[in-house]
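Everything below belongs to upload-v5.txt, which stores compact mmCIF, N, CA, C and O atoms.
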```
# COMPACT_ATOMS: atom_id res chain seq x y z
N MET A 173 102.75 97.36 88.69
CA MET A 173 103.65 97.90 87.71
C MET A 173 102.89 98.81 86.77
O MET A 173 101.84 98.45 86.29
N PRO A 174 103.42 99.96 86.49
CA PRO A 174 102.78 100.80 85.49
C PRO A 174 102.97 100.21 84.10
O PRO A 174 103.70 99.25 83.92
N HIS A 175 102.33 100.81 83.12
CA HIS A 175 102.36 100.25 81.77
C HIS A 175 103.75 100.21 81.17
O HIS A 175 103.99 99.45 80.24
N ASN A 176 104.72 100.95 81.70
CA ASN A 176 106.07 100.90 81.17
C ASN A 176 106.92 99.85 81.89
O ASN A 176 108.13 99.80 81.70
N LEU A 177 106.31 99.03 82.73
CA LEU A 177 106.90 97.91 83.45
C LEU A 177 107.96 98.33 84.46
O LEU A 177 108.86 97.58 84.78
N VAL A 178 107.84 99.52 85.01
CA VAL A 178 108.72 99.98 86.07
C VAL A 178 108.05 99.62 87.41
O VAL A 178 106.88 99.89 87.61
N ILE A 179 108.81 99.01 88.30
CA ILE A 179 108.27 98.67 89.62
C ILE A 179 108.27 99.94 90.46
O ILE A 179 109.31 100.55 90.68
N VAL A 180 107.09 100.38 90.91
CA VAL A 180 106.98 101.62 91.69
C VAL A 180 106.68 101.35 93.16
O VAL A 180 106.82 102.25 93.98
N ASP A 181 106.29 100.14 93.50
CA ASP A 181 105.97 99.83 94.88
C ASP A 181 105.89 98.32 95.03
O ASP A 181 105.66 97.60 94.06
N TYR A 182 106.10 97.84 96.21
CA TYR A 182 105.88 96.44 96.54
C TYR A 182 105.48 96.36 98.00
O TYR A 182 105.72 97.30 98.76
N ALA A 183 104.87 95.27 98.37
CA ALA A 183 104.43 95.12 99.76
C ALA A 183 104.65 93.68 100.21
O ALA A 183 104.40 92.75 99.47
N LEU A 184 105.14 93.53 101.40
CA LEU A 184 105.34 92.23 102.03
C LEU A 184 104.75 92.28 103.43
O LEU A 184 104.58 93.36 103.99
N GLY A 185 104.45 91.12 103.97
CA GLY A 185 104.12 91.12 105.38
C GLY A 185 102.75 90.67 105.79
O GLY A 185 102.46 90.65 106.98
N HIS A 186 101.88 90.31 104.86
CA HIS A 186 100.58 89.79 105.28
C HIS A 186 100.75 88.33 105.69
O HIS A 186 101.13 87.50 104.86
N PRO A 187 100.49 88.02 106.95
CA PRO A 187 100.66 86.64 107.39
C PRO A 187 99.56 85.72 106.87
O PRO A 187 98.41 86.14 106.73
N GLY A 188 99.92 84.51 106.57
CA GLY A 188 98.92 83.53 106.17
C GLY A 188 98.29 83.83 104.83
O GLY A 188 98.84 84.51 103.99
N SER A 189 97.10 83.33 104.67
CA SER A 189 96.37 83.46 103.42
C SER A 189 95.48 84.71 103.46
O SER A 189 94.55 84.78 104.25
N VAL A 190 95.79 85.67 102.61
CA VAL A 190 95.03 86.92 102.54
C VAL A 190 94.61 87.12 101.10
O VAL A 190 95.39 86.92 100.17
N HIS A 191 93.37 87.52 100.88
CA HIS A 191 92.88 87.75 99.52
C HIS A 191 93.67 88.88 98.87
O HIS A 191 94.04 89.86 99.52
N ASP A 192 93.95 88.75 97.57
CA ASP A 192 94.73 89.75 96.83
C ASP A 192 94.13 91.15 96.95
O ASP A 192 94.85 92.13 97.08
N ALA A 193 92.82 91.25 96.87
CA ALA A 193 92.17 92.56 96.94
C ALA A 193 92.42 93.22 98.29
O ALA A 193 92.68 94.43 98.36
N TYR A 194 92.36 92.45 99.36
CA TYR A 194 92.62 92.99 100.70
C TYR A 194 94.06 93.44 100.82
O TYR A 194 94.36 94.54 101.31
N ALA A 195 94.98 92.60 100.37
CA ALA A 195 96.40 92.94 100.43
C ALA A 195 96.69 94.19 99.60
O ALA A 195 97.44 95.07 100.03
N PHE A 196 96.09 94.29 98.43
CA PHE A 196 96.31 95.44 97.56
C PHE A 196 95.83 96.73 98.20
O PHE A 196 96.50 97.76 98.13
N ARG A 197 94.68 96.69 98.86
CA ARG A 197 94.14 97.90 99.50
C ARG A 197 95.05 98.42 100.61
O ARG A 197 94.99 99.58 100.97
N SER A 198 95.91 97.57 101.15
CA SER A 198 96.79 98.01 102.24
C SER A 198 98.14 98.53 101.72
O SER A 198 98.98 98.93 102.52
N THR A 199 98.34 98.53 100.42
CA THR A 199 99.62 98.98 99.88
C THR A 199 99.69 100.50 99.76
O THR A 199 98.67 101.19 99.65
N ARG A 200 100.89 100.99 99.75
CA ARG A 200 101.12 102.42 99.54
C ARG A 200 100.65 102.83 98.15
O ARG A 200 100.10 103.92 97.98
N LEU A 201 100.83 101.96 97.17
CA LEU A 201 100.41 102.27 95.81
C LEU A 201 98.90 102.52 95.75
O LEU A 201 98.45 103.47 95.13
N TYR A 202 98.13 101.67 96.38
CA TYR A 202 96.67 101.85 96.38
C TYR A 202 96.29 103.14 97.10
O TYR A 202 95.44 103.90 96.64
N GLN A 203 96.91 103.39 98.23
CA GLN A 203 96.53 104.53 99.06
C GLN A 203 97.07 105.86 98.55
O GLN A 203 96.47 106.90 98.79
N GLN A 204 98.19 105.82 97.83
CA GLN A 204 98.82 107.06 97.37
C GLN A 204 99.13 107.02 95.88
O GLN A 204 100.16 107.53 95.43
N HIS A 205 98.25 106.43 95.10
CA HIS A 205 98.53 106.28 93.67
C HIS A 205 98.73 107.61 92.97
O HIS A 205 99.49 107.70 92.01
N GLU A 206 98.09 108.68 93.46
CA GLU A 206 98.25 109.99 92.83
C GLU A 206 99.70 110.46 92.91
O GLU A 206 100.22 111.09 91.99
N ALA A 207 100.37 110.15 94.02
CA ALA A 207 101.75 110.58 94.21
C ALA A 207 102.74 109.67 93.48
O ALA A 207 103.82 110.12 93.09
N LEU A 208 102.38 108.40 93.31
CA LEU A 208 103.32 107.44 92.71
C LEU A 208 103.18 107.31 91.20
O LEU A 208 104.14 106.93 90.53
N LEU A 209 102.01 107.59 90.67
CA LEU A 209 101.77 107.40 89.24
C LEU A 209 101.42 108.74 88.58
O LEU A 209 100.44 109.36 88.97
N PRO A 210 102.19 109.15 87.58
CA PRO A 210 101.80 110.35 86.85
C PRO A 210 100.44 110.15 86.18
O PRO A 210 99.96 109.02 86.03
N ASP A 211 99.81 111.23 85.76
CA ASP A 211 98.47 111.16 85.18
C ASP A 211 98.36 110.21 84.00
O ASP A 211 97.33 109.59 83.80
N ASP A 212 99.39 110.08 83.21
CA ASP A 212 99.32 109.24 82.02
C ASP A 212 99.85 107.82 82.25
O ASP A 212 100.17 107.11 81.31
N HIS A 213 99.95 107.39 83.50
CA HIS A 213 100.43 106.05 83.83
C HIS A 213 99.34 105.24 84.51
O HIS A 213 98.41 105.79 85.09
N TRP A 214 99.48 103.93 84.44
CA TRP A 214 98.54 103.03 85.09
C TRP A 214 99.27 101.76 85.48
O TRP A 214 100.43 101.57 85.12
N ILE A 215 98.59 100.91 86.23
CA ILE A 215 99.16 99.61 86.60
C ILE A 215 98.31 98.51 85.99
O ILE A 215 97.14 98.71 85.67
N TRP A 216 98.92 97.36 85.81
CA TRP A 216 98.21 96.16 85.37
C TRP A 216 97.83 95.37 86.61
O TRP A 216 98.64 95.19 87.50
N GLY A 217 96.61 94.88 86.67
CA GLY A 217 96.17 94.09 87.81
C GLY A 217 95.46 92.82 87.36
O GLY A 217 95.11 92.68 86.19
N ASP A 218 95.25 91.92 88.30
CA ASP A 218 94.48 90.72 87.95
C ASP A 218 93.02 90.94 88.34
O ASP A 218 92.62 92.02 88.75
N ALA A 219 92.22 89.91 88.19
CA ALA A 219 90.77 90.05 88.38
C ALA A 219 90.38 90.44 89.80
O ALA A 219 89.28 90.96 90.02
N ALA A 220 91.24 90.24 90.78
CA ALA A 220 90.93 90.59 92.16
C ALA A 220 91.08 92.08 92.43
O ALA A 220 90.55 92.59 93.40
N TYR A 221 91.77 92.78 91.57
CA TYR A 221 92.02 94.20 91.78
C TYR A 221 90.82 95.02 91.31
O TYR A 221 90.09 94.61 90.42
N PRO A 222 90.64 96.21 91.87
CA PRO A 222 89.51 97.05 91.43
C PRO A 222 89.81 97.72 90.10
O PRO A 222 90.96 98.07 89.83
N LEU A 223 88.80 97.87 89.28
CA LEU A 223 88.95 98.62 88.04
C LEU A 223 88.91 100.11 88.38
O LEU A 223 87.93 100.61 88.91
N GLU A 224 90.01 100.77 88.12
CA GLU A 224 90.14 102.21 88.36
C GLU A 224 90.75 102.83 87.11
O GLU A 224 91.29 102.12 86.26
N LYS A 225 90.71 104.14 87.01
CA LYS A 225 91.34 104.81 85.88
C LYS A 225 92.82 104.47 85.82
O LYS A 225 93.41 104.38 84.76
N TRP A 226 93.43 104.23 86.96
CA TRP A 226 94.86 103.96 87.06
C TRP A 226 95.17 102.47 87.27
O TRP A 226 96.33 102.10 87.43
N CYS A 227 94.18 101.61 87.26
CA CYS A 227 94.37 100.17 87.48
C CYS A 227 93.59 99.38 86.42
O CYS A 227 92.36 99.32 86.47
N ILE A 228 94.31 98.78 85.49
CA ILE A 228 93.69 98.05 84.38
C ILE A 228 93.59 96.57 84.75
O ILE A 228 94.59 95.94 85.12
N VAL A 229 92.39 96.04 84.68
CA VAL A 229 92.14 94.63 85.05
C VAL A 229 91.49 93.91 83.87
O VAL A 229 91.00 94.55 82.95
N PRO A 230 91.48 92.58 83.91
CA PRO A 230 90.86 91.83 82.80
C PRO A 230 89.35 92.02 82.73
O PRO A 230 88.70 92.35 83.72
N PHE A 231 88.84 91.79 81.53
CA PHE A 231 87.38 91.79 81.37
C PHE A 231 86.82 90.57 82.08
O PHE A 231 87.41 89.49 82.05
N LYS A 232 85.68 90.75 82.71
CA LYS A 232 85.00 89.63 83.38
C LYS A 232 83.85 89.18 82.51
O LYS A 232 83.17 89.99 81.87
N LYS A 233 83.63 87.89 82.51
CA LYS A 233 82.53 87.33 81.72
C LYS A 233 81.20 87.83 82.27
O LYS A 233 80.93 87.70 83.46
N PRO A 234 80.38 88.43 81.42
CA PRO A 234 79.07 88.88 81.89
C PRO A 234 78.17 87.70 82.25
O PRO A 234 78.35 86.61 81.71
N ARG A 235 77.24 87.93 83.13
CA ARG A 235 76.29 86.86 83.48
C ARG A 235 75.57 86.40 82.23
O ARG A 235 75.07 87.22 81.46
N ASN A 236 75.51 85.09 82.06
CA ASN A 236 74.82 84.49 80.91
C ASN A 236 75.32 85.04 79.58
O ASN A 236 74.57 85.18 78.63
N GLY A 237 76.59 85.41 79.54
CA GLY A 237 77.14 85.96 78.31
C GLY A 237 78.54 85.46 78.05
O GLY A 237 79.06 84.60 78.75
N ARG A 238 79.13 86.00 77.01
CA ARG A 238 80.48 85.62 76.62
C ARG A 238 81.31 86.86 76.37
O ARG A 238 80.77 87.91 76.01
N LEU A 239 82.60 86.69 76.53
CA LEU A 239 83.51 87.76 76.18
C LEU A 239 83.66 87.81 74.67
O LEU A 239 83.60 86.77 73.99
N THR A 240 83.89 88.99 74.14
CA THR A 240 84.15 89.12 72.71
C THR A 240 85.56 88.62 72.41
O THR A 240 86.38 88.44 73.32
N LYS A 241 85.85 88.43 71.15
CA LYS A 241 87.19 88.00 70.74
C LYS A 241 88.24 89.02 71.20
O LYS A 241 89.31 88.64 71.69
N ASP A 242 87.94 90.31 71.02
CA ASP A 242 88.87 91.35 71.45
C ASP A 242 89.09 91.34 72.96
O ASP A 242 90.21 91.53 73.44
N GLN A 243 88.03 91.10 73.72
CA GLN A 243 88.17 91.03 75.18
C GLN A 243 89.02 89.83 75.59
O GLN A 243 89.86 89.92 76.49
N LYS A 244 88.81 88.69 74.93
CA LYS A 244 89.62 87.50 75.22
C LYS A 244 91.08 87.75 74.88
O LYS A 244 91.98 87.34 75.63
N THR A 245 91.32 88.42 73.75
CA THR A 245 92.70 88.74 73.36
C THR A 245 93.35 89.67 74.38
O THR A 245 94.50 89.46 74.79
N PHE A 246 92.62 90.69 74.81
CA PHE A 246 93.13 91.60 75.83
C PHE A 246 93.47 90.84 77.10
O PHE A 246 94.56 91.01 77.67
N ASN A 247 92.57 89.98 77.56
CA ASN A 247 92.81 89.20 78.78
C ASN A 247 94.03 88.30 78.64
O ASN A 247 94.80 88.15 79.59
N TYR A 248 94.21 87.71 77.47
CA TYR A 248 95.38 86.85 77.24
C TYR A 248 96.66 87.64 77.42
O TYR A 248 97.58 87.22 78.12
N HIS A 249 96.73 88.81 76.78
CA HIS A 249 97.94 89.61 76.86
C HIS A 249 98.15 90.17 78.27
O HIS A 249 99.29 90.25 78.74
N LEU A 250 97.08 90.53 78.93
CA LEU A 250 97.19 91.00 80.31
C LEU A 250 97.71 89.88 81.22
O LEU A 250 98.56 90.12 82.07
N SER A 251 97.23 88.67 81.02
CA SER A 251 97.70 87.56 81.86
C SER A 251 99.17 87.27 81.60
O SER A 251 99.90 86.85 82.50
N THR A 252 99.64 87.51 80.38
CA THR A 252 101.05 87.34 80.06
C THR A 252 101.90 88.33 80.85
O THR A 252 102.93 87.97 81.43
N VAL A 253 101.46 89.58 80.91
CA VAL A 253 102.17 90.59 81.70
C VAL A 253 102.16 90.21 83.17
O VAL A 253 103.19 90.25 83.84
N CYS A 254 101.00 89.80 83.68
CA CYS A 254 100.90 89.43 85.10
C CYS A 254 101.77 88.22 85.43
O CYS A 254 102.40 88.18 86.48
N SER A 255 101.84 87.25 84.53
CA SER A 255 102.70 86.08 84.74
C SER A 255 104.16 86.48 84.80
O SER A 255 104.93 85.98 85.62
N PHE A 256 104.55 87.41 83.93
CA PHE A 256 105.93 87.91 83.95
C PHE A 256 106.23 88.59 85.28
O PHE A 256 107.29 88.41 85.86
N VAL A 257 105.30 89.38 85.79
CA VAL A 257 105.49 90.08 87.06
C VAL A 257 105.66 89.07 88.19
O VAL A 257 106.54 89.22 89.05
N ILE A 258 104.86 88.02 88.21
CA ILE A 258 104.99 86.99 89.25
C ILE A 258 106.35 86.32 89.15
O ILE A 258 107.04 86.14 90.15
N PHE A 259 106.76 85.96 87.94
CA PHE A 259 108.08 85.34 87.74
C PHE A 259 109.18 86.27 88.23
O PHE A 259 110.07 85.86 88.96
N LEU A 260 109.12 87.54 87.84
CA LEU A 260 110.14 88.51 88.24
C LEU A 260 110.17 88.69 89.75
O LEU A 260 111.23 88.75 90.36
N THR A 261 109.01 88.76 90.37
CA THR A 261 108.93 88.92 91.82
C THR A 261 109.57 87.75 92.55
O THR A 261 110.36 87.93 93.47
N VAL A 262 109.26 86.53 92.12
CA VAL A 262 109.83 85.34 92.75
C VAL A 262 111.34 85.34 92.56
O VAL A 262 112.11 85.09 93.50
N TRP A 263 111.79 85.65 91.36
CA TRP A 263 113.22 85.69 91.08
C TRP A 263 113.92 86.71 91.96
O TRP A 263 114.98 86.44 92.53
N LEU A 264 113.34 87.90 92.08
CA LEU A 264 113.94 88.94 92.92
C LEU A 264 113.99 88.52 94.39
O LEU A 264 114.98 88.76 95.08
N LEU A 265 112.92 87.90 94.87
CA LEU A 265 112.90 87.45 96.27
C LEU A 265 113.97 86.40 96.52
O LEU A 265 114.67 86.42 97.54
N ILE A 266 114.13 85.48 95.58
CA ILE A 266 115.17 84.46 95.72
C ILE A 266 116.55 85.11 95.69
O ILE A 266 117.41 84.81 96.52
N PHE A 267 116.77 86.02 94.77
CA PHE A 267 118.04 86.69 94.63
C PHE A 267 118.38 87.51 95.87
O PHE A 267 119.50 87.54 96.34
N ILE A 268 117.40 88.20 96.43
CA ILE A 268 117.62 89.06 97.59
C ILE A 268 117.90 88.26 98.85
O ILE A 268 118.75 88.61 99.66
N PHE A 269 117.19 87.14 99.05
CA PHE A 269 117.29 86.40 100.29
C PHE A 269 118.27 85.24 100.26
O PHE A 269 118.39 84.52 101.23
N ILE A 270 118.98 85.06 99.17
CA ILE A 270 119.98 83.97 99.13
C ILE A 270 121.35 84.55 99.37
O ILE A 270 121.73 85.58 99.08
```
Would you kindly transcribe this structure into structure tokens?
Amino acid sequence: MPHNLVIVDYALGHPGSVHDAYAFRSTRLYQQHEALLPDDHWIWGDAAYPLEKWCIVPFKKPRNGRLTKDQKTFNYHLSTVCSFVIFLTVWLLIFIFI
């Protein structure tokens, strides 16, 4: 989802257990992000996604270090957005297939 919470792409069809990063790399959004996202747009991702100019992911704890208060706050709010996306996705799948 871009920062304005508009769904621009979705992907289904990976059988079994597949790592999020692998599944993401096979999406149209990953492969054609220039066509799907205007220059001033980006998507929110979780820690498995790559950090790109167009893909915002949480801060990772540095080795033998700690996140700053601001980094923890950012991660908290990012996880809230990601949780909402998961909830919305499940709801839409239930609604579509019932």
Would you work out the distance separating atom N of Phe246 in chain A from CA of Ser189 in chain A, expressed in Å to one decimal?
29.7 Å
Quick one: 5 Å padding each side, axis-aligned, all listed atoms of range 217-232 of chain A - centre and edge lengths in Å to one decimal, as AutoDock Vina command-line options?
```
--center_x 89.9 --center_y 97.0 --center_z 87.4 --size_x 23.4 --size_y 25.6 --size_z 22.0
```
Could you find all residues in range 196-227 of chain A that DSSP calls strand (DSSP E or B) from the backbone, and write them as a PyMOL selection string?
chain A and resi 215-216+224+227
Residue subset to file, keeping N, CA, C and O atoms, as a short mmCIF file (atom, residue, chain, number, x, y, z; two decimals), in the frame of the given file:
```
data_model
loop_
_atom_site.label_atom_id
_atom_site.label_comp_id
_atom_site.auth_asym_id
_atom_site.auth_seq_id
_atom_site.Cartn_x
_atom_site.Cartn_y
_atom_site.Cartn_z
N ILE A 215 98.59 100.91 86.23
CA ILE A 215 99.16 99.61 86.60
C ILE A 215 98.31 98.51 85.99
O ILE A 215 97.14 98.71 85.67
N TRP A 216 98.92 97.36 85.81
CA TRP A 216 98.21 96.16 85.37
C TRP A 216 97.83 95.37 86.61
O TRP A 216 98.64 95.19 87.50
N GLU A 224 90.01 100.77 88.12
CA GLU A 224 90.14 102.21 88.36
C GLU A 224 90.75 102.83 87.11
O GLU A 224 91.29 102.12 86.26
N CYS A 227 94.18 101.61 87.26
CA CYS A 227 94.37 100.17 87.48
C CYS A 227 93.59 99.38 86.42
O CYS A 227 92.36 99.32 86.47
#
```
Tell me, in Å to one decimal, how far atom N of Ile228 in chain A is from CA of Val190 in chain A.
20.8 Å
Residue neighbourhood Gln243 in chain A, 7 Å, only C-alpha atoms, exclusion window fewer than 4 positions, as a compact mmCIF listing (two decimals) with N, CA, C and O atoms, in the coordinates of the input:
```txt
# COMPACT_ATOMS: atom_id res chain seq x y z
N PHE A 231 88.84 91.79 81.53
CA PHE A 231 87.38 91.79 81.37
C PHE A 231 86.82 90.57 82.08
O PHE A 231 87.41 89.49 82.05
N LEU A 239 82.60 86.69 76.53
CA LEU A 239 83.51 87.76 76.18
C LEU A 239 83.66 87.81 74.67
O LEU A 239 83.60 86.77 73.99
N ASN A 247 92.57 89.98 77.56
CA ASN A 247 92.81 89.20 78.78
C ASN A 247 94.03 88.30 78.64
O ASN A 247 94.80 88.15 79.59
```
Skipping near chain neighbours, those fewer than 2 positions away, what residues fall within 12 Å of Lys232 in chain A using only C-alpha atoms, listed as JSON, numbers by chain?
{"A": [218, 219, 220, 221, 222, 223, 229, 230, 234, 235, 236, 237, 238, 239, 240, 243, 244, 246, 247]}
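Between CA of Lys241 in chain A and atom O of Asp211 in chain A lies a distance of 27.2 Å.
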